[in-house]
Amino acid sequence: MNQRILDNIRKHWALYILAFPGILWFFVFRYVPVLGSLIAFQDYQIFNGFWKSPWVEFKHFEFIFSYPEFLSILRNTLLIALYQLVFGFPAPLVLALLLNEAKQKLFKRTVQTFFYLPHFLSWVIIGGIMFEVLSTNGVMNKLVTLFGGDPILFMQKEVYYRTIVTVSSIWKEVGWNAIIYLAALTGINPNLYEAATVDGAGKWRQLFSITLPSLAPTIMILFLIKIGNFMELGFEQSYVLLTPMTFSVGDILDTYVFRSGVQEGNYSVTTAIGLFKSLVGFILLWGANLLSKRTTGQGLF
């Protein structure tokens, strides 16, 4: 076995050299930092380092689960993650299907550019746009007053916060995430559509009998990746859009980690929260992957 590996390296040595920087980057920035998870089981003191800080076993895990506001923070995280999964995951697929039906190249490219552009903007810019659009003199409130309503403080109302977070997340990433589906659509044999047309199948019939079954492996793989990152909502978005009036429904694990870890220096507690999120993600990914294999035969591992 070792000889076969060596022979393969000798044969494709140029490819291994090209891949080496990427492998090294992945090892240094993805695997080596995992060792830092040790501080979740220590009273970590920055000047003592890993080896001299006292071990406290599961003290920090007991603390976060007994923390009075932890259940509220966890509920906010799970609800926003669920909204983004239910509404955000299908959005790129729908956009890709609509773009695939566009016949005018200029129109198609214009729409693609419009939806791709937000991906390259920072959340600071996106947040500024959202605040401007939803302000009392913004576009949304002009429409509200046009229909006889009173201006609404959208960014200050708890009832609108999760919707704003979900919509802004979809708007920012829907175009970029649709690229994978568009690439998968180009791989579908056009003869299948021609045969379906001859048999009298309409667009809807072709969608459910050809397009979606052909995209099923891609959809399932992306769904599994999304499930694995279920609780990774992103600190930047929440921090930019959060206001004092929406704090009770918008404070999530990422913002709590920032306050507790960066601002207050509780590195061990925030590392314990990170391990908790990783464990939840692993369990969800493992379960969804097992279900996927039993139902579709497709899986990540």
# chains A, B, ... in the order shown; residues from 1 in each chain; ligands from 1
>>> select_by_dssp(residues="region 35-119 of chain A", states="helix (DSSP H, G or I)", output="compact mmCIF listing (two decimals) with N, CA and C atoms, in the first residue's frame")
# COMPACT_ATOMS: atom_id res chain seq x y z
N LEU A 35 -6.74 22.48 18.68
CA LEU A 35 -6.07 22.25 19.96
C LEU A 35 -6.47 23.30 20.99
N GLY A 36 -6.86 24.49 20.50
CA GLY A 36 -7.30 25.54 21.42
C GLY A 36 -8.59 25.21 22.15
N SER A 37 -9.30 24.17 21.70
CA SER A 37 -10.53 23.76 22.38
C SER A 37 -10.27 23.27 23.80
N LEU A 38 -9.02 22.99 24.09
CA LEU A 38 -8.65 22.54 25.45
C LEU A 38 -9.04 23.57 26.51
N ILE A 39 -9.03 24.85 26.16
CA ILE A 39 -9.28 25.86 27.19
C ILE A 39 -10.73 25.86 27.66
N ALA A 40 -11.61 25.13 26.96
CA ALA A 40 -12.98 25.00 27.45
C ALA A 40 -13.03 24.21 28.75
N PHE A 41 -11.97 23.44 29.02
CA PHE A 41 -11.91 22.62 30.23
C PHE A 41 -10.91 23.19 31.24
N GLY A 49 -0.95 30.48 29.63
CA GLY A 49 -0.98 29.61 28.47
C GLY A 49 -1.76 28.33 28.72
N PHE A 50 -1.69 27.43 27.74
CA PHE A 50 -2.46 26.18 27.81
C PHE A 50 -2.00 25.28 28.95
N TRP A 51 -0.71 25.17 29.12
CA TRP A 51 -0.17 24.12 29.99
C TRP A 51 -0.17 24.49 31.46
N LYS A 52 -0.21 25.78 31.78
CA LYS A 52 -0.15 26.19 33.19
C LYS A 52 -1.50 26.63 33.75
N LYS A 59 -16.74 22.58 34.32
CA LYS A 59 -17.25 23.73 35.07
C LYS A 59 -17.91 24.76 34.15
N HIS A 60 -17.29 25.06 33.02
CA HIS A 60 -17.80 26.11 32.14
C HIS A 60 -19.06 25.65 31.39
N PHE A 61 -19.16 24.37 31.12
CA PHE A 61 -20.38 23.86 30.49
C PHE A 61 -21.54 23.93 31.47
N GLU A 62 -21.25 23.63 32.72
CA GLU A 62 -22.30 23.76 33.75
C GLU A 62 -22.72 25.21 33.90
N PHE A 63 -21.77 26.13 33.75
CA PHE A 63 -22.09 27.55 33.89
C PHE A 63 -23.01 28.03 32.77
N ILE A 64 -22.69 27.68 31.53
CA ILE A 64 -23.50 28.20 30.43
C ILE A 64 -24.92 27.63 30.46
N PHE A 65 -25.07 26.38 30.90
CA PHE A 65 -26.41 25.82 30.96
C PHE A 65 -27.20 26.32 32.17
N SER A 66 -26.51 26.85 33.15
CA SER A 66 -27.20 27.44 34.32
C SER A 66 -27.32 28.95 34.20
N PHE A 70 -29.27 32.04 29.09
CA PHE A 70 -28.79 31.13 28.05
C PHE A 70 -29.93 30.55 27.22
N LEU A 71 -31.01 30.14 27.86
CA LEU A 71 -32.13 29.56 27.13
C LEU A 71 -32.74 30.56 26.16
N SER A 72 -32.81 31.83 26.56
CA SER A 72 -33.32 32.86 25.66
C SER A 72 -32.40 33.05 24.47
N ILE A 73 -31.09 33.08 24.73
CA ILE A 73 -30.12 33.24 23.65
C ILE A 73 -30.16 32.03 22.71
N LEU A 74 -30.25 30.84 23.28
CA LEU A 74 -30.31 29.62 22.46
C LEU A 74 -31.59 29.60 21.63
N ARG A 75 -32.71 30.01 22.23
CA ARG A 75 -33.98 30.04 21.49
C ARG A 75 -33.90 31.01 20.31
N ASN A 76 -33.33 32.19 20.54
CA ASN A 76 -33.17 33.15 19.45
C ASN A 76 -32.31 32.58 18.33
N THR A 77 -31.23 31.91 18.71
CA THR A 77 -30.34 31.32 17.72
C THR A 77 -31.05 30.26 16.89
N LEU A 78 -31.77 29.37 17.56
CA LEU A 78 -32.46 28.28 16.86
C LEU A 78 -33.58 28.80 15.97
N LEU A 79 -34.32 29.79 16.44
CA LEU A 79 -35.42 30.33 15.64
C LEU A 79 -34.92 31.01 14.37
N ILE A 80 -33.89 31.85 14.51
CA ILE A 80 -33.35 32.55 13.34
C ILE A 80 -32.72 31.54 12.38
N ALA A 81 -32.03 30.53 12.92
CA ALA A 81 -31.44 29.49 12.08
C ALA A 81 -32.52 28.72 11.33
N LEU A 82 -33.64 28.46 12.01
CA LEU A 82 -34.76 27.74 11.38
C LEU A 82 -35.38 28.59 10.27
N TYR A 83 -35.56 29.87 10.52
CA TYR A 83 -36.10 30.77 9.49
C TYR A 83 -35.20 30.77 8.26
N GLN A 84 -33.90 30.86 8.48
CA GLN A 84 -32.98 30.91 7.35
C GLN A 84 -32.91 29.58 6.61
N LEU A 85 -33.14 28.48 7.33
CA LEU A 85 -33.16 27.18 6.66
C LEU A 85 -34.42 27.01 5.83
N VAL A 86 -35.57 27.34 6.41
CA VAL A 86 -36.86 27.14 5.74
C VAL A 86 -37.02 28.07 4.55
N PHE A 87 -36.65 29.34 4.73
CA PHE A 87 -36.86 30.33 3.67
C PHE A 87 -35.60 30.60 2.84
N GLY A 88 -34.45 30.50 3.48
CA GLY A 88 -33.21 30.83 2.79
C GLY A 88 -32.67 29.71 1.92
N PRO A 90 -34.28 27.25 0.09
CA PRO A 90 -34.89 27.06 -1.23
C PRO A 90 -34.71 28.25 -2.17
N ALA A 91 -34.40 29.44 -1.64
CA ALA A 91 -34.35 30.65 -2.45
C ALA A 91 -33.36 30.55 -3.63
N PRO A 92 -32.10 30.09 -3.43
CA PRO A 92 -31.19 29.98 -4.57
C PRO A 92 -31.68 28.99 -5.63
N LEU A 93 -32.32 27.91 -5.20
CA LEU A 93 -32.86 26.94 -6.15
C LEU A 93 -33.96 27.58 -7.01
N VAL A 94 -34.86 28.31 -6.37
CA VAL A 94 -35.94 28.98 -7.11
C VAL A 94 -35.36 30.00 -8.08
N LEU A 95 -34.38 30.79 -7.63
CA LEU A 95 -33.75 31.79 -8.51
C LEU A 95 -33.07 31.12 -9.71
N ALA A 96 -32.36 30.02 -9.46
CA ALA A 96 -31.68 29.32 -10.54
C ALA A 96 -32.68 28.77 -11.55
N LEU A 97 -33.79 28.23 -11.08
CA LEU A 97 -34.81 27.70 -11.98
C LEU A 97 -35.42 28.82 -12.83
N LEU A 98 -35.65 29.97 -12.21
CA LEU A 98 -36.21 31.10 -12.96
C LEU A 98 -35.21 31.63 -13.98
N LEU A 99 -33.95 31.76 -13.60
CA LEU A 99 -32.94 32.24 -14.53
C LEU A 99 -32.73 31.26 -15.68
N ASN A 100 -32.86 29.98 -15.39
CA ASN A 100 -32.68 28.96 -16.42
C ASN A 100 -33.75 29.05 -17.50
N GLU A 101 -34.91 29.59 -17.13
CA GLU A 101 -36.00 29.73 -18.10
C GLU A 101 -35.90 31.01 -18.91
N LYS A 105 -30.48 36.77 -23.29
CA LYS A 105 -29.19 36.75 -22.62
C LYS A 105 -28.92 38.04 -21.86
N LEU A 106 -29.27 39.19 -22.46
CA LEU A 106 -29.02 40.47 -21.80
C LEU A 106 -29.82 40.58 -20.51
N PHE A 107 -31.08 40.19 -20.57
CA PHE A 107 -31.93 40.22 -19.37
C PHE A 107 -31.39 39.27 -18.31
N LYS A 108 -31.00 38.08 -18.73
CA LYS A 108 -30.51 37.07 -17.79
C LYS A 108 -29.24 37.55 -17.10
N ARG A 109 -28.31 38.11 -17.86
CA ARG A 109 -27.05 38.58 -17.27
C ARG A 109 -27.28 39.77 -16.35
N THR A 110 -28.21 40.63 -16.71
CA THR A 110 -28.52 41.79 -15.87
C THR A 110 -29.08 41.35 -14.53
N VAL A 111 -30.02 40.41 -14.56
CA VAL A 111 -30.62 39.90 -13.33
C VAL A 111 -29.58 39.17 -12.49
N GLN A 112 -28.73 38.37 -13.14
CA GLN A 112 -27.67 37.67 -12.40
C GLN A 112 -26.74 38.64 -11.70
N THR A 113 -26.34 39.69 -12.40
CA THR A 113 -25.45 40.70 -11.80
C THR A 113 -26.12 41.37 -10.61
N PHE A 114 -27.41 41.68 -10.75
CA PHE A 114 -28.16 42.33 -9.67
C PHE A 114 -28.17 41.47 -8.41
N PHE A 115 -28.33 40.15 -8.58
CA PHE A 115 -28.39 39.26 -7.43
C PHE A 115 -27.01 38.84 -6.93
N TYR A 116 -25.99 38.87 -7.78
CA TYR A 116 -24.63 38.51 -7.35
C TYR A 116 -23.99 39.62 -6.54
N LEU A 117 -24.26 40.88 -6.91
CA LEU A 117 -23.55 42.03 -6.34
C LEU A 117 -23.57 42.09 -4.82
N PRO A 118 -24.71 41.86 -4.13
CA PRO A 118 -24.71 41.97 -2.66
C PRO A 118 -23.73 41.04 -1.97
N HIS A 119 -23.38 39.92 -2.59
CA HIS A 119 -22.44 38.98 -1.97
C HIS A 119 -21.09 39.64 -1.71
>>> residues_around(residues="Ile225 (chain A)", least_positions_apart="3", cutoff="12 Å", atoms="only C-alpha atoms", output="PyMOL selection string")
chain A and resi 85+89+218-222+228-232+281-282+284-286+288-289+299-301
>>> residues_around(residues="region 246-256 of chain A", least_positions_apart="5", cutoff="12 Å", atoms="only C-alpha atoms", output="number ranges by chain")
A: 64, 67, 69-81, 153-166, 231-241, 261-264, 266-267, 269-277
>>> atom_distance(atom1="CA of Ile210 (chain A)", atom2="CA of Gln104 (chain A)")
22.8 Å
>>> atom_distance(atom1="CA of Gln3 (chain A)", atom2="CA of Leu18 (chain A)")
21.9 Å
>>> atom_distance(atom1="CA of Ser209 (chain A)", atom2="CA of Trp171 (chain A)")
29.1 Å
>>> closest_residue(among="A:Val257, A:Leu242, A:Ile17, A:Ile283", to="Val124 (chain A)", atoms="only C-alpha atoms")
A:Leu242
